[in-house]
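Enquirer: For reference, the structure I am asking about is given below.
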Amino acid sequence: MDVIEVIRISRDSLMGNRVRSFLTMLGVIIGVASVIMLISIGEGARSYIGRELGNLGTNILIVVPGKTSAKGGFHPPAATTVRKLVYDDALIIKKRSRHIQDAVPLILGDSKIKYLSQSRDNSVAGVTETYFEIRNLSVESGRFISASDVDSRRKVCVLGRTVKNDLFGDKNALGALAAIGDGKYRVIGVMEKKGVTLGIDFDDIVFIPTTAAQELFDTDSLFNITIKVRSASEIDAAKEDIRQILMKRHAGREDFTIMSQDEMVAVMGKILNIMTAVLAGIAAISLVVGGIGIMNIMLVSVRERTREIGIRKALGAKNRDILLQFLIESVTLSLIGGTGGILLAGLLSFVIPYFVEFLPTHLALWSIVVAFLFSAAVGIFFGVYPARKASLYDPIKALRYE
Amino acid sequence: MIVLKDIKKSYGLPKVTVDVLRGIDMEVAERDFVAVTGPSGSGKSTLLHIIGCLDRPTSGQYLLLGVDVSRKTDNELAEIRNRKIGFVFQSFNLLPKLIAWKNVELPLLYGGVEPNTRKKKALEMLEKLGLSHRTEHYPSELSGGEQQRVAIARALINDPAIILADEPTGNLDSRAGKEIIEIFKRLNEEGATIVVVTHEKDIAEEAGKIITIRDGVCQSGCY
Ligand SMILES: Nc1ncnc2c1ncn2[C@@H]1O[C@H](COP(=O)(O)OP(=O)(O)OP(=O)(O)O)[C@@H](O)[C@H]1O
Ligand SMILES: [Mg+2]
C-alpha cells in the first residue's frame with residue numbers, strides 16, 4: 001500500500017505523543033552523539049600527534065642503547081653486555097651511510113644553572129650544530145651552537161625561553177656568563193618560543209655543545225643519536241646501514257634500538273585505534289539501550305492501539321500493512337534520534353576545543369555515516385518484534401479489546 | 001450469494017469448550033435484506049463475524065459468491081474483507097485521530113487506490129449520506145447518528161457485495177436509529193445485499209427476511 005500514507009500515519013502517531021517520542025529518541029540521540037564524539041576525539045588525537053611529530057622534524061631516526069623488541073617488550077640484557085653509544089658512533093654513522101644527512105650525538109642530564117642570585121634546576125642537552133635544523137628549532141636572538149663550538153669544546157649555551165625569562169627577566173642575556181654545574185658558560189643565543197610538544201617542553205631546556213656536556217656530566221655515553229635521513233624513501237636503507245655500522249662496532253651484537261618517528265606515530269596510532277574502538281563500543285552499548293527504549297515504547301504503543309489494529313484489519317489491512325506501519329514508526333524514531341545525535345555531536349565537537357584545549361576533535365564523515373546506519377539498524381532490529389506482534393493480532397480479539 | 005453449510009464455532013477455553021455455533025445452515029441471496037435476531041449470547045455476532053471473514057468457523061463450509069473461503073489465508077481474507085464486505089459495528093469503530101473523510105477512505109487506502117481518487121470518493125460518499133458539512137470533523141465532534149453514518153459511508157466506499165451490520169442502532173436513540181434503518185432500506189432498494197443483527201422488532205420487520213438464532217442453532221427463517 002501507499003508508503004507515503006504509512007509515513008503520515010507514523011508521523012501523526014509520533015506527533016500525538018510528543019513528549020514520549022522525544023524521550024524515546026533521547027536514548028538514541030545520546031547513543032549516536034557519544035559514538036560520534038568518541039570517534040572524533042580519537043581521530044583528533046591521532047591527527048594531533050601526527051602534526052606534533054611533524055613539528056619536530058621529519059625523516060628522523062633515533063638510536064638508543066639497549067634492545068627493545070619490535071613487539072614493544074623490553075628485554076634488559078645483563079648490564080655489562082650493553083655497550084653504550086658514544087660520540088664516535090654518531091660521527092661514523094654520518095660518514096659511512098650515504099642515506100644519512102646528519103647524526104647528532106645527544107647527551108641529556110640535569111644540572112643547576114645560575115646567574116647572579118637566580119638559579120634553577122634544569123634539563124641540559126648536549127647537542128651538535130645540526131640538531132636545531134633537524135628539530136625545526138629557531139633562535140629569537142643570538143645564534144645556535146656552531147661546529148667550531150663543538151670541536152673546541154667551547155663553554156657556550158643557548159637558553160630556552162622559560163629558562164631565559166627565569167634567570168634574566170627582561171634583561172639582555174646575550175654575552176652573559178651563566179654558571180652550569182662547576183663551569184661558566186657564555187650565553188650565545190635565546191630560543192624562540194616552541195611550547196610543549198608531545199610532553200617535552202622545549203622552552204625549558206638549556207643547549208650546550210655535546211663535547212661540553214661530556215665534561216659537565218663526566219660521561220661519554222649518549223642519551224641517543226638523533227639522525228636525519230635524506231628522504232622518506234631512504235628510511236629503511238638508513239636503518240639497515242646504521243644496524244650494520246653499529247653492530248660492527250659493538251662486536252656483532254645488536255644491543256641498541258633504532259626507532260623511527262613514523263614508527264612511533266604508527267604505534268601510537270594503533271593504540272589510539274584500539275582505544276577509540278573500545279570507547280566507541282561502549283558508547284554503542286548506550287545506543288543499544290536506546291534501541292531497547294524504542295522497543296519498550298513500541299510495545300506500549302502497539303498495546304494501546306490494539307483496537308485501531310483490529311479496525312484496520314477489519315477494513316482490509318494485511319499483516320504486512322500493519323507491520324510496516326509500526327516498523328516505520330520505530331525506524332522514524334531511531335532515524336530522527338540519529339539525526340539529532342549527529343547534530344549534537346557536530347555541536348559538541350565544534351564547542352569542545354574552545355573549552356578543553358587538549359582535546360582536539362576531528363569530526364570524521366565515516367563515523368557519522370556509520371552511526372546513522374547503526375541507529376537505523378537499531379530502529380529496525382528493535383522495531384521488528386513489536387511490529388510483528390501487532391501484525392499478527394487476531395482481528396476479532398483486537399476489536400473486542402478495551 | 002452466501003451459503004453456510006453446518007457451520008460450527010467453538011472456543012476452547014482452558015478447561016471447557018464453549019460451543020457457540022452448533023451447526024448453522026443458511027443462505028442469503030443477492031439483494032436480500034436479512035435481519036438476524038435472537039437472545040443475547042446466542043451467537044449472532046459470532047455468525048456475522050464468520051460471514052464477514054473476520055473469523056473462521058471451527059468446521060463447516062462457507063461459500064461467498066460461490067467461493068469457498070474456509071481455506072483462505074489471512075491475507076486473502078483481508079483482501080475479501082476489503083473488496084467484498086462492508087462492516088458496520090454497534091460501537092462505530094471509527095479511528096478517533098482521523099477526521100471523517102480520512103476514516104471513510106481507509107478501505108480504499110488498503111485497496112491500493114491513489115490519494116486523489118480516495119479523497120474524491122470519500123467526499124462523494126459522505127455527501128450521499130448527508131454529511132457534506134462534517135467531512136473535516138473528528139469522530140468525537142460528531143453525534144452518535146453522524147458517527148454511524150460515517151461508518152456506513154466507510155462500509156460502502158469500496159462498493160461491497162454485501163453489507164453486514166451488527167446492531168447498528170444499538171448505541172443510538174430511536175430517532176437516529178430510524179434514520180440508519182432508512183438508509184439501509186434505501187440502499188437495499190438500490191440493489192445492496194444487507195444482513196443486520198438486531199434486537200429491535202420494528203427494525204427486523206423492515207427487513208424482508210428474519211432469521212432467529214437460539215443457542216447456536218437456527219430456530220427459524222434460515223431457508
Ligand atoms: N473469544 C471467546 N472465547 C470464549 N467464548 C466466547 C468468545 N467470544 C464469544 N464467546 C461466547 O460466545 C457466545 C456468543 O457470543 P456472541 O457475541 O456471538 O453473542 P450475541 O448473540 O452477539 O450476543 P449479544 O446479543 O449480546 O451481542 C457468548 O456466550 C460468548 O461468551
Ligand atoms: Mg452481539
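Just so we're on the same page: first chain in the C-alpha cells is A, next is B, and so on; residues restart at 1 for each chain, and ligands are numbered from 1 in the order they show up.
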Residues contacting ligand 1 - anything with an atom at most 6 Å away, using only C-alpha atoms and all ligand atoms - can you give me those as JSON, numbers by chain?
Expert: {"B": [11, 20, 39, 40, 41, 42, 43, 44, 45, 46]}
Enquirer: Give me, as number ranges by chain, all polymer residues having an atom no more than 6 Å from Glu105 of chain B, counting only C-alpha atoms and skipping those fewer than 2 positions away in the same chain.
Expert: B: 102-103, 107-108, 118, 122
Enquirer: I need the residues from that last selection saved to file as a PDB file, in the first residue's frame (with N, CA and C atoms), if you can.
Expert:
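Okay, out16.pdb is ready:
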ATOM      1  N   LYS B 102     -11.104  10.969   6.235  1.00  0.00           N
ATOM      2  CA  LYS B 102      -9.930  10.102   6.356  1.00  0.00           C
ATOM      3  C   LYS B 102     -10.341   8.717   6.854  1.00  0.00           C
ATOM      4  N   ASN B 103     -11.362   8.689   7.722  1.00  0.00           N
ATOM      5  CA  ASN B 103     -11.896   7.410   8.153  1.00  0.00           C
ATOM      6  C   ASN B 103     -12.550   6.673   6.994  1.00  0.00           C
ATOM      7  N   PRO B 107     -10.667   1.918   3.613  1.00  0.00           N
ATOM      8  CA  PRO B 107     -10.688   0.708   2.774  1.00  0.00           C
ATOM      9  C   PRO B 107     -10.036   0.947   1.407  1.00  0.00           C
ATOM     10  N   LEU B 108     -10.187   2.158   0.864  1.00  0.00           N
ATOM     11  CA  LEU B 108      -9.551   2.458  -0.422  1.00  0.00           C
ATOM     12  C   LEU B 108      -8.043   2.472  -0.272  1.00  0.00           C
ATOM     13  N   ARG B 118      -9.111   8.599  -3.790  1.00  0.00           N
ATOM     14  CA  ARG B 118      -9.605   8.250  -2.454  1.00  0.00           C
ATOM     15  C   ARG B 118     -10.404   9.388  -1.855  1.00  0.00           C
ATOM     16  N   ALA B 122     -14.375   9.484  -1.101  1.00  0.00           N
ATOM     17  CA  ALA B 122     -14.788   9.589   0.304  1.00  0.00           C
ATOM     18  C   ALA B 122     -15.752  10.757   0.479  1.00  0.00           C
TER      19      ALA B 122
END
Enquirer: Run DSSP on the backbone and give me the residues of segment 53-120 of chain B it puts in alpha helix (DSSP H), as an MDAnalysis selection string.
Expert: chainID B and resid 74:84 100:104 106:110 115:120
Enquirer: Please build the interface table for chain A against chain B with a cut-off of 8 Å, listing for each qualifying residue the nearest atom pair and the distance in Å to one decimal; count only C-alpha atoms, order rows by chain and increasing number, and write it as CSV.
Expert:
residue,atom,partner,partner_atom,distance
A:Met1,CA,B:Gly112,CA,5.4
A:Asp2,CA,B:Gly112,CA,6.8
A:Glu308,CA,B:Leu95,CA,6.5
A:Ile311,CA,B:Asn93,CA,6.6
A:Arg312,CA,B:Leu106,CA,7.7
A:Lys313,CA,B:Ala78,CA,6.8
A:Ala314,CA,B:Leu54,CA,6.5
A:Leu315,CA,B:Pro107,CA,5.4
A:Gly316,CA,B:Asn82,CA,4.1
A:Ala317,CA,B:Tyr110,CA,5.6
A:Lys318,CA,B:Asn75,CA,5.6
A:Asn319,CA,B:Asn75,CA,7.0
A:Pro395,CA,B:Leu54,CA,6.4
A:Ile396,CA,B:Leu54,CA,6.4
Enquirer: Taking into account only C-alpha atoms and all ligand atoms, which residue in the set B:Val195, B:Val88, B:Ala153, B:Leu48 is nearest to ligand 2?
Expert: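 Closest to ligand 2 of all the choices is B:Leu48.
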Enquirer: Neighbours of Ile213 of chain B within 6 Å (only C-alpha atoms; same-chain residues fewer than 5 positions away dropped), as a short mmCIF file (atom, residue, chain, number, x, y, z; two decimals) with all heavy atoms, in the first residue's frame?
Expert:
data_model
loop_
_atom_site.label_atom_id
_atom_site.label_comp_id
_atom_site.auth_asym_id
_atom_site.auth_seq_id
_atom_site.Cartn_x
_atom_site.Cartn_y
_atom_site.Cartn_z
N GLY B 38 -32.31 -12.86 17.96
CA GLY B 38 -32.11 -13.95 18.90
C GLY B 38 -31.68 -13.38 20.23
O GLY B 38 -31.23 -12.23 20.30
N CYS B 218 -30.08 -22.53 14.29
CA CYS B 218 -31.05 -21.73 13.60
C CYS B 218 -32.45 -22.15 14.04
O CYS B 218 -32.82 -23.31 13.93
CB CYS B 218 -30.87 -21.96 12.10
SG CYS B 218 -31.32 -20.57 11.15
N GLN B 219 -33.21 -21.18 14.56
CA GLN B 219 -34.53 -21.56 15.01
C GLN B 219 -35.56 -21.38 13.90
O GLN B 219 -36.44 -22.20 13.72
CB GLN B 219 -34.93 -20.74 16.24
CG GLN B 219 -36.01 -21.44 17.03
CD GLN B 219 -36.46 -20.56 18.17
OE1 GLN B 219 -36.49 -19.34 18.05
NE2 GLN B 219 -36.81 -21.18 19.27
#
Enquirer: Rounded to one decimal, what separation in Å do you get between atom CA of Val35 of chain A and atom CA of Thr276 of chain A?
Expert: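 A separation of 9.5 Å between them.
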Enquirer: Output as number ranges by chain all residues of segment 85-315 of chain A that backbone DSSP marks as strand (DSSP E).
Expert: A: 100-115, 118-127, 139-142, 156-159, 177-180, 183-191, 196-197, 200-201, 205-209, 224-229, 256-260
Enquirer: For Val289 of chain A, list every protein, DNA or RNA residue within 12 Å, evaluated using only C-alpha atoms, and leave out those in the same chain fewer than 4 positions away; present the list as a list in words.
Expert: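 Near neighbours after the sequence-gap exclusion: Thr24, Met25, Leu26, Gly27, Val28, Ile29, Ile30, Gly31, Val32, Ile282, Ala283, Ala284, Ile285, Gly293, Ile294, Met295, Asn296, Ser334, Ser375, Val378, Gly379 and Phe382 of chain A.
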Enquirer: Using the selection just defined, write its residues with N, CA, C and O atoms as a PDB file, in the first residue's frame.
Expert:
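Listing of result_12.pdb after writing:
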ATOM      1  N   THR A  24      11.929   8.975  24.067  1.00  0.00           N
ATOM      2  CA  THR A  24      12.404   7.743  23.454  1.00  0.00           C
ATOM      3  C   THR A  24      13.600   8.017  22.554  1.00  0.00           C
ATOM      4  O   THR A  24      14.583   7.282  22.549  1.00  0.00           O
ATOM      5  N   MET A  25      13.472   9.107  21.782  1.00  0.00           N
ATOM      6  CA  MET A  25      14.571   9.456  20.877  1.00  0.00           C
ATOM      7  C   MET A  25      15.824   9.830  21.647  1.00  0.00           C
ATOM      8  O   MET A  25      16.930   9.631  21.173  1.00  0.00           O
ATOM      9  N   LEU A  26      15.644  10.399  22.841  1.00  0.00           N
ATOM     10  CA  LEU A  26      16.782  10.890  23.609  1.00  0.00           C
ATOM     11  C   LEU A  26      17.826   9.795  23.798  1.00  0.00           C
ATOM     12  O   LEU A  26      19.025  10.049  23.684  1.00  0.00           O
ATOM     13  N   GLY A  27      17.350   8.567  24.048  1.00  0.00           N
ATOM     14  CA  GLY A  27      18.284   7.456  24.190  1.00  0.00           C
ATOM     15  C   GLY A  27      19.158   7.308  22.953  1.00  0.00           C
ATOM     16  O   GLY A  27      20.370   7.147  23.052  1.00  0.00           O
ATOM     17  N   VAL A  28      18.520   7.389  21.776  1.00  0.00           N
ATOM     18  CA  VAL A  28      19.273   7.232  20.531  1.00  0.00           C
ATOM     19  C   VAL A  28      20.157   8.459  20.302  1.00  0.00           C
ATOM     20  O   VAL A  28      21.306   8.332  19.875  1.00  0.00           O
ATOM     21  N   ILE A  29      19.614   9.639  20.610  1.00  0.00           N
ATOM     22  CA  ILE A  29      20.398  10.866  20.414  1.00  0.00           C
ATOM     23  C   ILE A  29      21.699  10.774  21.199  1.00  0.00           C
ATOM     24  O   ILE A  29      22.794  10.989  20.663  1.00  0.00           O
ATOM     25  N   ILE A  30      21.583  10.397  22.471  1.00  0.00           N
ATOM     26  CA  ILE A  30      22.774  10.326  23.323  1.00  0.00           C
ATOM     27  C   ILE A  30      23.713   9.237  22.820  1.00  0.00           C
ATOM     28  O   ILE A  30      24.923   9.443  22.723  1.00  0.00           O
ATOM     29  N   GLY A  31      23.147   8.088  22.450  1.00  0.00           N
ATOM     30  CA  GLY A  31      23.982   6.997  21.952  1.00  0.00           C
ATOM     31  C   GLY A  31      24.757   7.391  20.711  1.00  0.00           C
ATOM     32  O   GLY A  31      25.977   7.237  20.654  1.00  0.00           O
ATOM     33  N   VAL A  32      24.049   7.938  19.718  1.00  0.00           N
ATOM     34  CA  VAL A  32      24.707   8.314  18.462  1.00  0.00           C
ATOM     35  C   VAL A  32      25.725   9.415  18.706  1.00  0.00           C
ATOM     36  O   VAL A  32      26.862   9.364  18.228  1.00  0.00           O
ATOM     37  N   ILE A 282      31.701   0.928  23.765  1.00  0.00           N
ATOM     38  CA  ILE A 282      30.937   1.183  24.993  1.00  0.00           C
ATOM     39  C   ILE A 282      29.794   2.154  24.683  1.00  0.00           C
ATOM     40  O   ILE A 282      28.661   1.970  25.121  1.00  0.00           O
ATOM     41  N   ALA A 283      30.114   3.169  23.873  1.00  0.00           N
ATOM     42  CA  ALA A 283      29.074   4.128  23.506  1.00  0.00           C
ATOM     43  C   ALA A 283      27.977   3.436  22.710  1.00  0.00           C
ATOM     44  O   ALA A 283      26.798   3.756  22.855  1.00  0.00           O
ATOM     45  N   ALA A 284      28.383   2.470  21.896  1.00  0.00           N
ATOM     46  CA  ALA A 284      27.387   1.754  21.091  1.00  0.00           C
ATOM     47  C   ALA A 284      26.418   0.997  21.982  1.00  0.00           C
ATOM     48  O   ALA A 284      25.250   0.816  21.640  1.00  0.00           O
ATOM     49  N   ILE A 285      26.917   0.577  23.157  1.00  0.00           N
ATOM     50  CA  ILE A 285      26.019  -0.091  24.097  1.00  0.00           C
ATOM     51  C   ILE A 285      24.895   0.860  24.491  1.00  0.00           C
ATOM     52  O   ILE A 285      23.728   0.479  24.568  1.00  0.00           O
ATOM     53  N   GLY A 293      14.824   1.037  24.554  1.00  0.00           N
ATOM     54  CA  GLY A 293      13.809   2.045  24.890  1.00  0.00           C
ATOM     55  C   GLY A 293      12.766   2.155  23.797  1.00  0.00           C
ATOM     56  O   GLY A 293      11.559   2.226  24.062  1.00  0.00           O
ATOM     57  N   ILE A 294      13.238   2.129  22.541  1.00  0.00           N
ATOM     58  CA  ILE A 294      12.296   2.192  21.420  1.00  0.00           C
ATOM     59  C   ILE A 294      11.380   0.977  21.437  1.00  0.00           C
ATOM     60  O   ILE A 294      10.162   1.087  21.311  1.00  0.00           O
ATOM     61  N   MET A 295      11.977  -0.182  21.649  1.00  0.00           N
ATOM     62  CA  MET A 295      11.178  -1.405  21.649  1.00  0.00           C
ATOM     63  C   MET A 295      10.100  -1.329  22.736  1.00  0.00           C
ATOM     64  O   MET A 295       8.933  -1.645  22.508  1.00  0.00           O
ATOM     65  N   ASN A 296      10.519  -0.866  23.907  1.00  0.00           N
ATOM     66  CA  ASN A 296       9.607  -0.746  25.034  1.00  0.00           C
ATOM     67  C   ASN A 296       8.415   0.154  24.679  1.00  0.00           C
ATOM     68  O   ASN A 296       7.257  -0.223  24.846  1.00  0.00           O
ATOM     69  N   SER A 334      14.133   6.164  15.503  1.00  0.00           N
ATOM     70  CA  SER A 334      15.576   5.982  15.605  1.00  0.00           C
ATOM     71  C   SER A 334      16.321   6.884  14.624  1.00  0.00           C
ATOM     72  O   SER A 334      17.398   7.370  14.931  1.00  0.00           O
ATOM     73  N   SER A 375      22.067   3.493  13.828  1.00  0.00           N
ATOM     74  CA  SER A 375      20.817   3.853  14.504  1.00  0.00           C
ATOM     75  C   SER A 375      19.617   3.368  13.700  1.00  0.00           C
ATOM     76  O   SER A 375      18.604   2.947  14.271  1.00  0.00           O
ATOM     77  N   VAL A 378      19.319  -0.228  14.505  1.00  0.00           N
ATOM     78  CA  VAL A 378      18.737  -0.374  15.837  1.00  0.00           C
ATOM     79  C   VAL A 378      17.215  -0.225  15.752  1.00  0.00           C
ATOM     80  O   VAL A 378      16.467  -1.011  16.341  1.00  0.00           O
ATOM     81  N   GLY A 379      16.765   0.779  14.995  1.00  0.00           N
ATOM     82  CA  GLY A 379      15.328   1.005  14.849  1.00  0.00           C
ATOM     83  C   GLY A 379      14.631  -0.188  14.221  1.00  0.00           C
ATOM     84  O   GLY A 379      13.551  -0.598  14.650  1.00  0.00           O
ATOM     85  N   PHE A 382      14.991  -3.404  16.779  1.00  0.00           N
ATOM     86  CA  PHE A 382      14.139  -3.357  17.956  1.00  0.00           C
ATOM     87  C   PHE A 382      12.689  -3.036  17.608  1.00  0.00           C
ATOM     88  O   PHE A 382      11.820  -3.090  18.466  1.00  0.00           O
TER      89      PHE A 382
END
Enquirer: Report the distance between atom CA of Ala280 of chain A and atom CA of Val384 of chain A in Å, rounded to one decimal place.
Expert: 25.2 Å
Enquirer: With only C-alpha atoms as the atoms that count, which of A:Ile208, A:Met191, A:Ala376, A:Ala173 lies nearest to Gly160 of chain A?
Expert: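 Of the candidates, the smallest distance to Gly160 of chain A is held by A:Met191.
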Enquirer: What lies within 12 Å of Leu373 of chain A using only C-alpha atoms, ignoring chain neighbours under 2 positions off, as a tab-separated table (two decimals) with N, CA, C and O atoms, in the first residue's frame?
Expert:
chain	number	residue	atom	x	y	z
A	32	VAL	N	24.05	7.94	19.72
A	32	VAL	CA	24.71	8.31	18.46
A	32	VAL	C	25.72	9.41	18.71
A	32	VAL	O	26.86	9.36	18.23
A	287	LEU	N	23.71	3.08	22.69
A	287	LEU	CA	22.81	3.13	21.53
A	287	LEU	C	21.85	1.93	21.55
A	287	LEU	O	20.66	2.06	21.26
A	331	VAL	N	11.47	3.04	13.12
A	331	VAL	CA	12.63	3.49	12.35
A	331	VAL	C	12.66	5.02	12.31
A	331	VAL	O	13.73	5.63	12.42
A	334	SER	N	14.13	6.16	15.50
A	334	SER	CA	15.58	5.98	15.60
A	334	SER	C	16.32	6.88	14.62
A	334	SER	O	17.40	7.37	14.93
A	335	LEU	N	15.72	7.13	13.44
A	335	LEU	CA	16.43	7.98	12.48
A	335	LEU	C	16.42	9.44	12.92
A	335	LEU	O	17.42	10.14	12.79
A	336	ILE	N	15.27	9.90	13.43
A	336	ILE	CA	15.25	11.27	13.93
A	336	ILE	C	16.21	11.38	15.11
A	336	ILE	O	16.97	12.34	15.23
A	337	GLY	N	16.19	10.34	15.97
A	337	GLY	CA	17.13	10.31	17.08
A	337	GLY	C	18.57	10.33	16.56
A	337	GLY	O	19.41	11.06	17.08
A	338	GLY	N	18.83	9.55	15.53
A	338	GLY	CA	20.18	9.51	14.94
A	338	GLY	C	20.59	10.86	14.39
A	338	GLY	O	21.71	11.33	14.62
A	339	THR	N	19.66	11.51	13.68
A	339	THR	CA	19.96	12.83	13.13
A	339	THR	C	20.23	13.82	14.26
A	339	THR	O	21.19	14.60	14.21
A	342	ILE	N	23.63	13.25	15.57
A	342	ILE	CA	24.67	13.79	14.69
A	342	ILE	C	24.80	15.30	14.90
A	342	ILE	O	25.91	15.84	15.04
A	366	TRP	N	33.03	9.34	8.05
A	366	TRP	CA	32.66	7.92	8.10
A	366	TRP	C	31.98	7.57	9.41
A	366	TRP	O	31.08	6.75	9.46
A	367	SER	N	32.39	8.24	10.50
A	367	SER	CA	31.77	7.93	11.79
A	367	SER	C	30.32	8.38	11.80
A	367	SER	O	29.45	7.75	12.39
A	368	ILE	N	30.04	9.50	11.12
A	368	ILE	CA	28.66	9.98	11.03
A	368	ILE	C	27.82	8.98	10.26
A	368	ILE	O	26.73	8.60	10.69
A	369	VAL	N	28.35	8.54	9.12
A	369	VAL	CA	27.61	7.58	8.29
A	369	VAL	C	27.36	6.29	9.07
A	369	VAL	O	26.24	5.78	9.13
A	370	VAL	N	28.43	5.80	9.73
A	370	VAL	CA	28.30	4.54	10.47
A	370	VAL	C	27.28	4.68	11.59
A	370	VAL	O	26.40	3.83	11.76
A	371	ALA	N	27.36	5.77	12.34
A	371	ALA	CA	26.43	5.95	13.47
A	371	ALA	C	25.00	6.06	12.97
A	371	ALA	O	24.07	5.52	13.58
A	375	SER	N	22.07	3.49	13.83
A	375	SER	CA	20.82	3.85	14.50
A	375	SER	C	19.62	3.37	13.70
A	375	SER	O	18.60	2.95	14.27
A	376	ALA	N	19.74	3.39	12.36
A	376	ALA	CA	18.65	2.84	11.54
A	376	ALA	C	18.50	1.35	11.81
A	376	ALA	O	17.39	0.84	11.96
A	377	ALA	N	19.65	0.67	11.91
A	377	ALA	CA	19.61	-0.77	12.17
A	377	ALA	C	18.98	-1.06	13.53
A	377	ALA	O	18.20	-2.00	13.68
A	378	VAL	N	19.32	-0.23	14.50
A	378	VAL	CA	18.74	-0.37	15.84
A	378	VAL	C	17.21	-0.22	15.75
A	378	VAL	O	16.47	-1.01	16.34
A	379	GLY	N	16.77	0.78	14.99
A	379	GLY	CA	15.33	1.00	14.85
A	379	GLY	C	14.63	-0.19	14.22
A	379	GLY	O	13.55	-0.60	14.65
A	380	ILE	N	15.26	-0.76	13.22
A	380	ILE	CA	14.66	-1.92	12.56
A	380	ILE	C	14.69	-3.12	13.49
A	380	ILE	O	13.68	-3.78	13.74
A	381	PHE	N	15.88	-3.36	14.07
A	381	PHE	CA	16.04	-4.55	14.90
A	381	PHE	C	15.06	-4.54	16.07
A	381	PHE	O	14.38	-5.52	16.33
Enquirer: To one decimal place, how far is atom CA of Ala33 of chain A from atom CA of Leu347 of chain A in Å?
Expert: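 That distance, rounded to one decimal, is 9.8 Å.
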Enquirer: Which one of A:Leu14, A:Val124, A:Ile245, A:Leu159 sits closest to Ser97 of chain A if you count only C-alpha atoms?
Expert: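 So, comparing all the options, the nearest one is A:Ile245.
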Enquirer: Which neighbours of segment 23-36 of chain B fall inside 9 Å, counting only C-alpha atoms, when residues of the same chain fewer than 2 positions from it are skipped, and could you give them as an MDAnalysis selection string?
Expert: chainID B and resid 1:9 21 38 44 47 59:60 161:162 184:185 188:199 203:213 216:218 221:223
Enquirer: Considering only C-alpha atoms, return as a list in words whatever protein or nucleic-acid residues lie within 6 Å of segment 132-142 of chain B, sequence-local ones (same chain, fewer than 4 positions apart) excluded.
Expert: Pro96, Ile99, Ala100, Trp101, Leu126, Glu127, Glu146 and Gln147 of chain B
Enquirer: Looking at only C-alpha atoms and all ligand atoms, which of B:Asp19, B:Pro168, B:Glu124, B:Leu13 is the one that sits closest to ligand 2?
Expert: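 Nearest candidate to ligand 2 out of B:Asp19, B:Pro168, B:Glu124, B:Leu13: B:Pro168.
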Enquirer: Looking at only C-alpha atoms and all ligand atoms, which of B:Ala165, B:Ile51, B:Leu64, B:Leu131 is the one that sits closest to ligand 2?
Expert: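 Smallest distance to ligand 2 is found for B:Ala165.
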